[in-house]
file coords-v3.txt (compact mmCIF, C-alpha atoms)
# COMPACT_ATOMS: atom_id res chain seq x y z
CA MET A 229 24.44 -12.36 -0.89
CA LEU A 230 25.11 -8.83 -2.11
CA PRO A 231 27.04 -6.59 0.30
CA GLY A 232 24.65 -4.76 2.62
CA ARG A 233 21.61 -6.66 1.45
CA ASN A 234 19.22 -7.49 4.30
CA HIS A 235 17.32 -10.72 4.86
CA TRP A 236 13.94 -9.21 3.96
CA GLY A 237 14.95 -9.16 0.29
CA GLU A 238 16.18 -12.73 0.19
CA GLY A 239 14.41 -15.85 -0.91
CA ARG A 240 12.81 -14.58 -4.13
CA ALA A 241 12.67 -16.93 -7.07
CA MET A 242 15.60 -15.93 -9.27
CA GLY A 243 14.66 -17.94 -12.33
CA ALA A 244 10.97 -17.04 -12.43
CA SER A 245 9.45 -16.37 -15.83
CA ARG A 246 6.88 -13.86 -14.54
CA GLN A 247 7.80 -10.34 -13.51
CA ALA A 248 5.80 -7.98 -11.30
CA LEU A 249 6.39 -4.23 -11.51
CA LEU A 250 6.34 -2.87 -7.94
CA CYS A 251 5.57 0.85 -7.90
CA GLY A 252 5.94 3.08 -4.87
CA TYR A 253 7.91 5.88 -3.29
CA TYR A 254 10.98 3.70 -3.09
CA GLY A 255 14.61 4.73 -3.00
CA GLU A 256 13.76 8.28 -1.93
CA HIS A 257 15.86 7.93 1.25
CA ASN A 258 12.75 7.51 3.39
CA ILE A 259 13.09 4.57 5.79
CA GLY A 260 9.31 4.24 6.10
CA ASP A 261 8.79 3.71 2.38
CA ASP A 262 11.73 1.31 2.21
CA ALA A 263 10.12 -0.61 5.09
CA LEU A 264 7.02 -0.96 2.91
CA LEU A 265 9.18 -2.37 0.12
CA ALA A 266 10.78 -4.82 2.56
CA ALA A 267 7.31 -6.03 3.60
CA LEU A 268 6.15 -6.29 -0.02
CA LEU A 269 9.19 -8.33 -1.08
CA GLN A 270 8.65 -10.58 1.93
CA GLN A 271 5.05 -11.28 0.84
CA LEU A 272 5.55 -11.58 -2.93
CA PRO A 273 4.53 -15.11 -4.01
CA SER A 274 7.15 -17.52 -5.30
CA GLY A 275 7.33 -17.69 -9.05
CA TRP A 276 7.39 -13.90 -9.41
CA THR A 277 10.46 -11.72 -9.90
CA PRO A 278 10.18 -8.10 -8.70
CA LEU A 279 11.10 -5.09 -10.81
CA VAL A 280 11.06 -2.06 -8.51
CA THR A 281 10.59 1.59 -9.41
CA GLY A 282 13.11 3.66 -7.50
CA TYR A 283 14.88 7.00 -7.33
CA ASP A 284 18.22 5.92 -5.82
CA GLN A 285 18.39 2.75 -7.89
CA ALA A 286 21.91 1.81 -6.85
CA GLU A 287 20.99 1.87 -3.16
CA LEU A 288 17.86 -0.23 -3.71
CA GLU A 289 19.73 -2.77 -5.80
CA GLN A 290 22.54 -3.04 -3.26
CA ARG A 291 20.25 -3.32 -0.24
CA PHE A 292 17.47 -5.54 -1.56
CA GLY A 293 19.14 -7.36 -4.47
CA VAL A 294 16.35 -6.43 -6.91
CA ALA A 295 16.24 -5.06 -10.44
CA THR A 296 15.03 -1.45 -10.67
CA CYS A 297 13.88 1.20 -13.12
CA PRO A 298 13.87 5.01 -12.66
CA ARG A 299 10.59 5.91 -10.91
CA ARG A 300 10.71 9.59 -11.90
CA SER A 301 10.61 8.76 -15.62
CA LEU A 302 7.09 7.81 -16.67
CA LYS A 303 8.42 6.74 -20.08
CA ALA A 304 10.88 4.33 -18.47
CA VAL A 305 8.27 2.97 -16.06
CA LEU A 306 5.78 2.40 -18.87
CA ALA A 307 8.48 0.53 -20.78
CA ALA A 308 9.15 -1.58 -17.68
CA LEU A 309 5.42 -2.26 -17.39
CA GLY A 310 5.48 -3.50 -20.96
CA ARG A 311 8.07 -6.12 -19.94
CA SER A 312 6.09 -7.17 -16.86
CA GLN A 313 3.11 -9.43 -16.33
CA ALA A 314 1.50 -7.57 -13.42
CA LEU A 315 1.45 -4.16 -11.71
CA VAL A 316 1.49 -3.75 -7.91
CA LEU A 317 1.07 -0.30 -6.38
CA GLY A 318 2.79 -1.02 -3.10
CA GLY A 319 2.05 0.72 0.16
CA GLY A 320 1.68 4.29 1.34
CA SER A 321 -0.87 6.75 -0.03
CA LEU A 322 -0.18 6.84 -3.74
CA LEU A 323 -3.69 7.85 -4.87
CA GLN A 324 -3.60 11.39 -3.48
CA ASP A 325 -3.13 14.92 -4.79
CA ALA A 326 -1.52 16.53 -1.73
CA THR A 327 1.98 15.93 -3.14
CA SER A 328 0.95 17.13 -6.58
CA TRP A 329 -1.69 16.68 -9.27
CA ARG A 330 1.00 15.18 -11.52
CA SER A 331 1.78 12.48 -8.95
CA LEU A 332 -1.83 11.29 -9.01
CA LEU A 333 -1.92 11.30 -12.83
CA TYR A 334 1.31 9.26 -12.87
CA TYR A 335 -0.23 6.36 -10.94
CA LEU A 336 -3.57 6.57 -12.75
CA ALA A 337 -1.70 6.40 -16.08
CA LEU A 338 0.04 3.21 -14.94
CA ILE A 339 -3.26 1.64 -13.88
CA GLY A 340 -4.83 2.51 -17.23
CA ALA A 341 -1.87 1.25 -19.25
CA ALA A 342 -1.77 -2.06 -17.37
CA ARG A 343 -5.47 -2.73 -17.83
CA LEU A 344 -5.39 -1.77 -21.51
CA SER A 345 -2.75 -4.46 -22.00
CA GLY A 346 -4.77 -7.00 -19.99
CA LYS A 347 -2.42 -7.16 -16.98
CA PRO A 348 -3.64 -7.51 -13.39
CA VAL A 349 -3.36 -4.45 -11.14
CA LEU A 350 -3.18 -4.82 -7.36
CA LEU A 351 -3.40 -1.94 -4.89
CA TRP A 352 -1.44 -3.34 -1.94
CA GLY A 353 -1.61 -1.85 1.55
CA GLN A 354 -2.77 1.52 0.29
CA GLY A 355 -4.10 4.63 2.01
CA LEU A 356 -6.59 6.69 0.00
CA GLY A 357 -6.19 10.44 -0.24
CA PRO A 358 -6.15 13.21 0.58
CA LEU A 359 -7.99 14.06 -2.63
CA ARG A 360 -8.49 17.81 -2.40
CA ARG A 361 -9.71 18.46 -5.95
CA ARG A 362 -13.11 17.42 -7.19
CA SER A 363 -11.48 16.23 -10.42
CA SER A 364 -9.09 14.03 -8.39
CA ARG A 365 -11.97 12.32 -6.62
CA LEU A 366 -13.74 11.74 -9.93
CA LEU A 367 -10.67 10.24 -11.61
CA VAL A 368 -9.90 7.92 -8.69
CA ARG A 369 -13.53 6.84 -8.49
CA LEU A 370 -13.41 5.97 -12.22
CA ALA A 371 -10.06 4.17 -11.87
CA LEU A 372 -10.91 1.94 -8.90
CA PRO A 373 -13.19 -0.43 -10.89
CA LEU A 374 -10.23 -1.08 -13.24
CA VAL A 375 -8.18 -2.54 -10.39
CA THR A 376 -8.09 -6.34 -10.10
CA ALA A 377 -8.08 -6.30 -6.28
CA SER A 378 -7.10 -3.96 -3.46
CA SER A 379 -6.16 -3.94 0.21
CA TRP A 380 -6.16 -0.83 2.40
CA ARG A 381 -4.17 0.01 5.50
CA ASP A 382 -6.82 1.93 7.45
CA PRO A 383 -10.60 1.86 8.00
CA ALA A 384 -11.21 5.34 6.57
CA SER A 385 -9.67 4.45 3.20
CA ALA A 386 -11.53 1.15 2.97
CA ALA A 387 -14.80 2.85 3.92
CA GLN A 388 -14.38 5.43 1.15
CA VAL A 389 -13.74 2.71 -1.43
CA ARG A 390 -16.91 0.95 -0.32
CA ARG A 391 -18.91 4.19 -0.44
CA TRP A 392 -17.87 4.46 -4.07
CA GLY A 393 -19.21 0.97 -4.70
CA GLY A 394 -15.92 -0.92 -4.64
CA THR A 395 -15.00 -4.13 -2.87
CA CYS A 396 -11.74 -4.36 -0.96
CA GLN A 397 -9.83 -5.93 1.90
CA GLU A 398 -8.96 -3.93 5.01
CA GLY A 399 -5.97 -4.40 7.28
CA SER A 400 -3.31 -2.54 9.21
CA ASP A 401 -0.19 -0.98 7.71
CA PRO A 402 1.94 -3.64 5.93
CA VAL A 403 5.04 -2.62 7.91
CA TRP A 404 3.49 -4.36 10.93
CA SER A 405 4.31 -7.66 9.19
CA LEU A 406 8.09 -7.22 9.38
CA PRO A 407 10.01 -9.60 11.70
CA PRO A 408 9.78 -8.37 15.32
CA LEU A 409 12.63 -7.79 17.75
CA ALA A 410 12.90 -8.32 21.48
CA TRP A 411 13.21 -5.14 23.55
CA ARG A 412 16.48 -4.65 25.45
CA GLY A 413 16.21 -0.95 26.26
CA SER A 414 15.52 -0.71 29.99
CA GLY A 415 17.40 2.39 31.13
CA GLY A 416 18.23 3.18 27.49
CA PRO A 417 18.16 6.51 25.64
CA ILE A 418 15.19 8.52 24.48
CA VAL A 419 14.97 8.18 20.68
CA LEU A 420 13.27 10.88 18.62
CA CYS A 421 11.69 10.37 15.18
CA PHE A 422 10.98 14.08 14.63
CA ARG A 423 10.32 15.99 11.43
CA SER A 424 9.72 19.57 10.43
CA THR A 425 6.04 20.52 10.24
CA PRO A 426 4.17 23.80 9.78
CA LEU A 427 2.22 22.89 12.92
CA LEU A 428 5.30 23.70 15.02
CA GLY A 429 6.56 27.27 14.94
CA PRO A 430 9.50 28.52 17.04
CA ALA A 431 7.37 29.00 20.16
CA GLN A 432 5.91 25.48 19.93
CA TRP A 433 9.32 23.90 19.27
CA ARG A 434 10.77 25.73 22.28
CA GLN A 435 7.93 24.51 24.49
CA LEU A 436 8.26 20.95 23.26
CA LEU A 437 12.03 20.83 23.63
CA GLU A 438 11.97 22.37 27.11
CA ALA A 439 9.64 19.57 28.20
CA LEU A 440 11.95 17.03 26.56
CA ALA A 441 14.94 18.54 28.36
CA GLU A 442 13.10 18.16 31.68
CA LEU A 443 12.35 14.49 30.94
CA ALA A 444 15.90 13.69 29.82
CA THR A 445 17.45 15.46 32.80
CA SER A 446 15.16 13.99 35.45
CA SER A 447 15.62 10.45 34.08
CA ASP A 448 19.32 10.95 33.23
CA ARG A 449 18.91 9.75 29.63
CA GLN A 450 20.80 10.43 26.45
CA VAL A 451 18.69 11.65 23.52
CA ILE A 452 19.16 10.22 20.03
CA TRP A 453 17.71 12.11 17.05
CA LEU A 454 16.95 9.50 14.37
CA PRO A 455 16.20 11.00 10.91
CA PHE A 456 13.69 8.87 9.01
CA HIS A 457 13.80 10.88 5.79
CA ARG A 458 17.42 11.58 4.90
CA GLY A 459 16.59 14.73 2.96
CA GLN A 460 13.93 16.20 5.27
CA ASP A 461 14.91 15.11 8.79
CA SER A 462 18.71 15.08 8.77
CA GLY A 463 20.21 18.09 10.50
CA LEU A 464 16.99 19.00 12.32
CA LEU A 465 18.81 19.07 15.66
CA GLU A 466 21.44 21.48 14.33
CA ARG A 467 18.81 23.70 12.69
CA LEU A 468 16.89 23.97 15.94
CA LYS A 469 20.11 24.71 17.80
CA ALA A 470 20.97 27.46 15.33
CA GLU A 471 17.58 29.05 16.00
CA GLY A 472 18.24 29.01 19.75
CA LEU A 473 15.35 26.61 20.43
CA VAL A 474 17.25 23.73 22.06
CA PRO A 475 17.86 24.15 25.82
CA GLU A 476 21.48 23.68 26.85
CA ALA A 477 20.57 20.73 29.07
CA LEU A 478 19.01 18.96 26.08
CA ALA A 479 21.78 19.91 23.64
CA ALA A 480 24.38 18.40 25.99
CA ARG A 481 22.57 15.05 25.95
CA SER A 482 21.66 14.98 22.25
CA ARG A 483 23.25 13.46 19.17
CA GLU A 484 22.02 12.58 15.70
CA CYS A 485 22.23 8.93 14.62
CA GLN A 486 22.08 8.15 10.90
CA VAL A 487 20.59 4.83 9.80
CA THR A 488 19.99 3.72 6.24
CA SER A 489 17.56 0.81 6.56
CA PRO A 490 14.45 -0.24 8.49
CA GLU A 491 16.46 -3.05 10.04
CA GLN A 492 19.03 -0.60 11.44
CA ALA A 493 16.28 1.68 12.75
CA MET A 494 14.65 -1.22 14.58
CA GLN A 495 17.94 -2.10 16.25
CA VAL A 496 18.13 1.46 17.63
CA PHE A 497 14.49 1.30 18.77
CA ALA A 498 14.99 -2.06 20.48
CA GLY A 499 17.62 -0.44 22.72
CA ALA A 500 15.55 2.64 23.60
CA GLY A 501 13.97 3.45 26.94
CA LEU A 502 11.39 5.51 25.05
CA VAL A 503 10.66 6.40 21.41
CA LEU A 504 8.90 9.69 20.64
CA ALA A 505 7.69 9.39 17.04
CA MET A 506 6.15 11.91 14.68
CA ARG A 507 6.79 9.69 11.66
CA LEU A 508 4.11 7.01 11.12
CA HIS A 509 6.55 4.26 10.27
CA GLY A 510 8.87 5.39 13.02
CA LEU A 511 6.04 4.61 15.44
CA ILE A 512 5.23 1.28 13.79
CA LEU A 513 8.83 0.08 13.57
CA ALA A 514 9.42 1.09 17.19
CA ALA A 515 6.38 -0.93 18.24
CA VAL A 516 7.51 -3.92 16.13
CA ALA A 517 10.84 -3.64 17.98
CA SER A 518 8.79 -3.89 21.22
CA ALA A 519 9.98 -0.47 22.44
CA PRO A 520 8.06 1.89 24.76
CA CYS A 521 6.44 4.52 22.52
CA CYS A 522 4.64 7.84 22.50
CA ALA A 523 3.35 9.53 19.35
CA LEU A 524 3.22 13.16 18.24
CA SER A 525 0.60 13.42 15.51
CA TYR A 526 1.05 15.89 12.64
CA ASP A 527 -1.35 13.85 10.48
CA PRO A 528 -4.48 11.81 11.30
CA LYS A 529 -2.75 8.62 10.13
CA VAL A 530 -0.30 8.91 13.05
CA ALA A 531 -3.10 9.42 15.58
CA ALA A 532 -5.02 6.45 14.14
CA ALA A 533 -1.99 4.16 14.44
CA ALA A 534 -1.37 5.32 18.02
CA LEU A 535 -5.01 4.71 18.96
CA ALA A 536 -4.88 1.16 17.61
CA ILE A 537 -2.06 0.23 20.01
CA ALA A 538 -3.18 2.37 22.97
CA CYS A 539 -0.10 4.55 22.59
CA PRO A 540 -0.13 8.01 24.24
CA CYS A 541 -0.45 10.60 21.47
CA LEU A 542 0.05 14.36 21.42
CA ASP A 543 -2.09 16.05 18.74
CA LEU A 544 0.08 18.76 17.19
CA GLU A 545 -2.94 20.34 15.51
CA ARG A 546 -4.09 21.52 18.94
CA PRO A 547 -2.35 24.05 21.23
CA LEU A 548 0.40 22.39 23.21
CA PRO A 549 -0.44 21.79 26.88
CA ALA A 550 1.62 23.13 29.76
CA ALA A 551 4.93 21.41 30.56
CA PRO A 552 3.59 18.91 33.15
CA ALA A 553 0.92 17.67 30.74
CA LEU A 554 3.62 17.16 28.12
CA VAL A 555 6.12 15.43 30.38
CA ASP A 556 3.80 13.23 32.45
CA PRO A 557 2.67 10.82 29.66
CA TRP A 558 6.26 10.47 28.45
CA GLN A 559 7.51 9.83 31.98
CA ALA A 560 4.79 7.24 32.56
CA GLN A 561 5.75 5.38 29.37
CA LEU A 562 9.50 5.39 30.03
CA ASP A 563 10.82 1.78 30.14
CA ARG A 564 7.25 0.47 29.80
CA PRO A 565 6.60 -1.29 26.47
CA LEU A 566 3.13 -1.24 24.95
CA ALA A 567 0.70 -4.12 25.47
CA PRO A 568 2.00 -7.04 23.36
CA GLU A 569 -1.50 -8.29 22.58
CA LEU A 570 -2.32 -4.99 20.81
CA ILE A 571 0.89 -5.20 18.79
CA ASP A 572 0.08 -8.81 17.88
CA ALA A 573 -3.40 -7.75 16.74
CA GLN A 574 -1.90 -5.21 14.33
CA ARG A 575 0.57 -7.77 13.04
CA GLN A 576 -2.26 -10.21 12.44
CA ALA A 577 -4.32 -7.56 10.63
CA ALA A 578 -1.39 -6.86 8.29
CA GLN A 579 -1.52 -10.42 6.94
CA VAL A 580 -4.46 -9.45 4.72
CA HIS A 581 -2.03 -7.76 2.32
CA GLY A 582 -0.09 -10.98 1.82
CA SER A 583 -3.36 -12.73 1.05
CA LEU A 584 -4.06 -10.14 -1.63
CA LEU A 585 -0.78 -10.95 -3.39
CA GLN A 586 -1.85 -14.57 -3.67
CA ARG A 587 -4.08 -13.33 -6.50
CA LEU A 588 -0.86 -13.40 -8.53
CA ALA A 589 -0.09 -17.03 -7.69

call {"tool": "encode", "arguments": {"input": "coords-v3.txt", "output": "structure tokens"}}
result
Amino acid sequence: MLPGRNHWGEGRAMGASRQALLCGYYGEHNIGDDALLAALLQQLPSGWTPLVTGYDQAELEQRFGVATCPRRSLKAVLAALGRSQALVLGGGSLLQDATSWRSLLYYLALIGAARLSGKPVLLWGQGLGPLRRRSSRLLVRLALPLVTASSWRDPASAAQVRRWGGTCQEGSDPVWSLPPLAWRGSGGPIVLCFRSTPLLGPAQWRQLLEALAELATSSDRQVIWLPFHRGQDSGLLERLKAEGLVPEALAARSRECQVTSPEQAMQVFAGAGLVLAMRLHGLILAAVASAPCCALSYDPKVAAAALAIACPCLDLERPLPAAPALVDPWQAQLDRPLAPELIDAQRQAAQVHGSLLQRLA
């Protein structure tokens, strides 16, 4: 086994004659997207060898033991597609124009190239949109009939596909299918999966962190800041401190903890007395690790995931409530894991994406 490689990447057929090109936002130092890759590799049928598009190729190869190609070079990815027998767009919301118009064209070009060469195209565990431009909606609507089969991670995406006349399978996020952990965090720290967002200005951050300081002090808990996106989330604690937004009581209890894999993140979550998650896959991985959770929603996808597991959720698009209304739901959830039957239901719903990949078998 390669050094640092985790068990989710093991067990693939090494001598297979057929190669699947797996395209996604992989190797971008985002634990959530790497969790999607872990789930996809776990579900890939035997007889297929993965070739993964990635930014940090060395890290992906070392961690998962897979061959890679540079995802930011369309020329290189098209060449890799030419050497492959199938294309899988794996997880996340790839068909969207919020990141950029060029990003959408990139994935549409891959779909078109694969179909022109007669290769199957699977959309695996996808979210659809946002598609803010009329031209984006038109192009995606024209591209969807070219796809061999698709599975979607949320009801809204699947409903839109059906409104456009497509057929599809609907499930929960594929990350729900990763191996669960037993919770061991009674009395453990409060773990934060926070990110910067334009919904939180200095006044809102101060209000939020004062409530968090009250919770940590009253329950005598340490606070671990867990960056999920290495480039975007790392150093958030220090930036907020520099702006004078972190109360002294909270600063004294806080530390940042760097992890580099979904497996490491789940180990931290499994030892937490409470996880407060803004990141979608932070919430999902915490729930898979059986940890007590509360969500802070900067995007409807986070609120939808929280609703599905009856997880208390603070909508950051609305004015923040007064301190007691912030603290009380967190206090009530402390050391109280979510209902296991709701977690199991999400895990069961995620199996639909594995069924989709059997189209390659």

call {"tool": "closest_residue", "arguments": {"input": "coords-v3.txt", "among": "A:Ala500, A:Ala480, A:Leu584, A:Leu544", "to": "Ala531 (chain A)", "atoms": "all atoms listed in the file"}}
result
A:Leu544

call {"tool": "closest_residue", "arguments": {"input": "coords-v3.txt", "among": "A:Thr395, A:Gln559, A:Thr327, A:Gln586", "to": "Leu440 (chain A)", "atoms": "all atoms listed in the file"}}
result
A:Gln559

call {"tool": "closest_residue", "arguments": {"input": "coords-v3.txt", "among": "A:His257, A:His581, A:Arg575, A:Arg546", "to": "Gln432 (chain A)", "atoms": "only C-alpha atoms"}}
result
A:Arg546

call {"tool": "residues_near_point", "arguments": {"input": "coords-v3.txt", "point": "(-5.4, 4.7, -18.2)", "cutoff": "12 Å", "atoms": "all atoms listed in the file", "output": "ChimeraX atom specification"}}
result
/A:306,332-346,349,367-368,370-375

call {"tool": "residues_around", "arguments": {"input": "coords-v3.txt", "residues": "Ser400 (chain A)", "least_positions_apart": "3", "cutoff": "12 Å", "atoms": "only C-alpha atoms", "output": "MDAnalysis selection string"}}
result
chainID A and resid 319:320 352:355 379:386 397 403:405 512 529 532:534 536:537 570:582

call {"tool": "atom_distance", "arguments": {"input": "coords-v3.txt", "atom1": "CA of Pro298 (chain A)", "atom2": "CA of Ala314 (chain A)"}}
result
17.7 Å

call {"tool": "closest_residue", "arguments": {"input": "coords-v3.txt", "among": "A:Glu256, A:Gln271, A:Arg391, A:Ser328", "to": "Arg360 (chain A)", "atoms": "only C-alpha atoms"}}
result
A:Ser328

call {"tool": "closest_residue", "arguments": {"input": "coords-v3.txt", "among": "A:Glu484, A:Trp558, A:Arg564, A:Ala523", "to": "Ala444 (chain A)", "atoms": "all atoms listed in the file"}}
result
A:Trp558
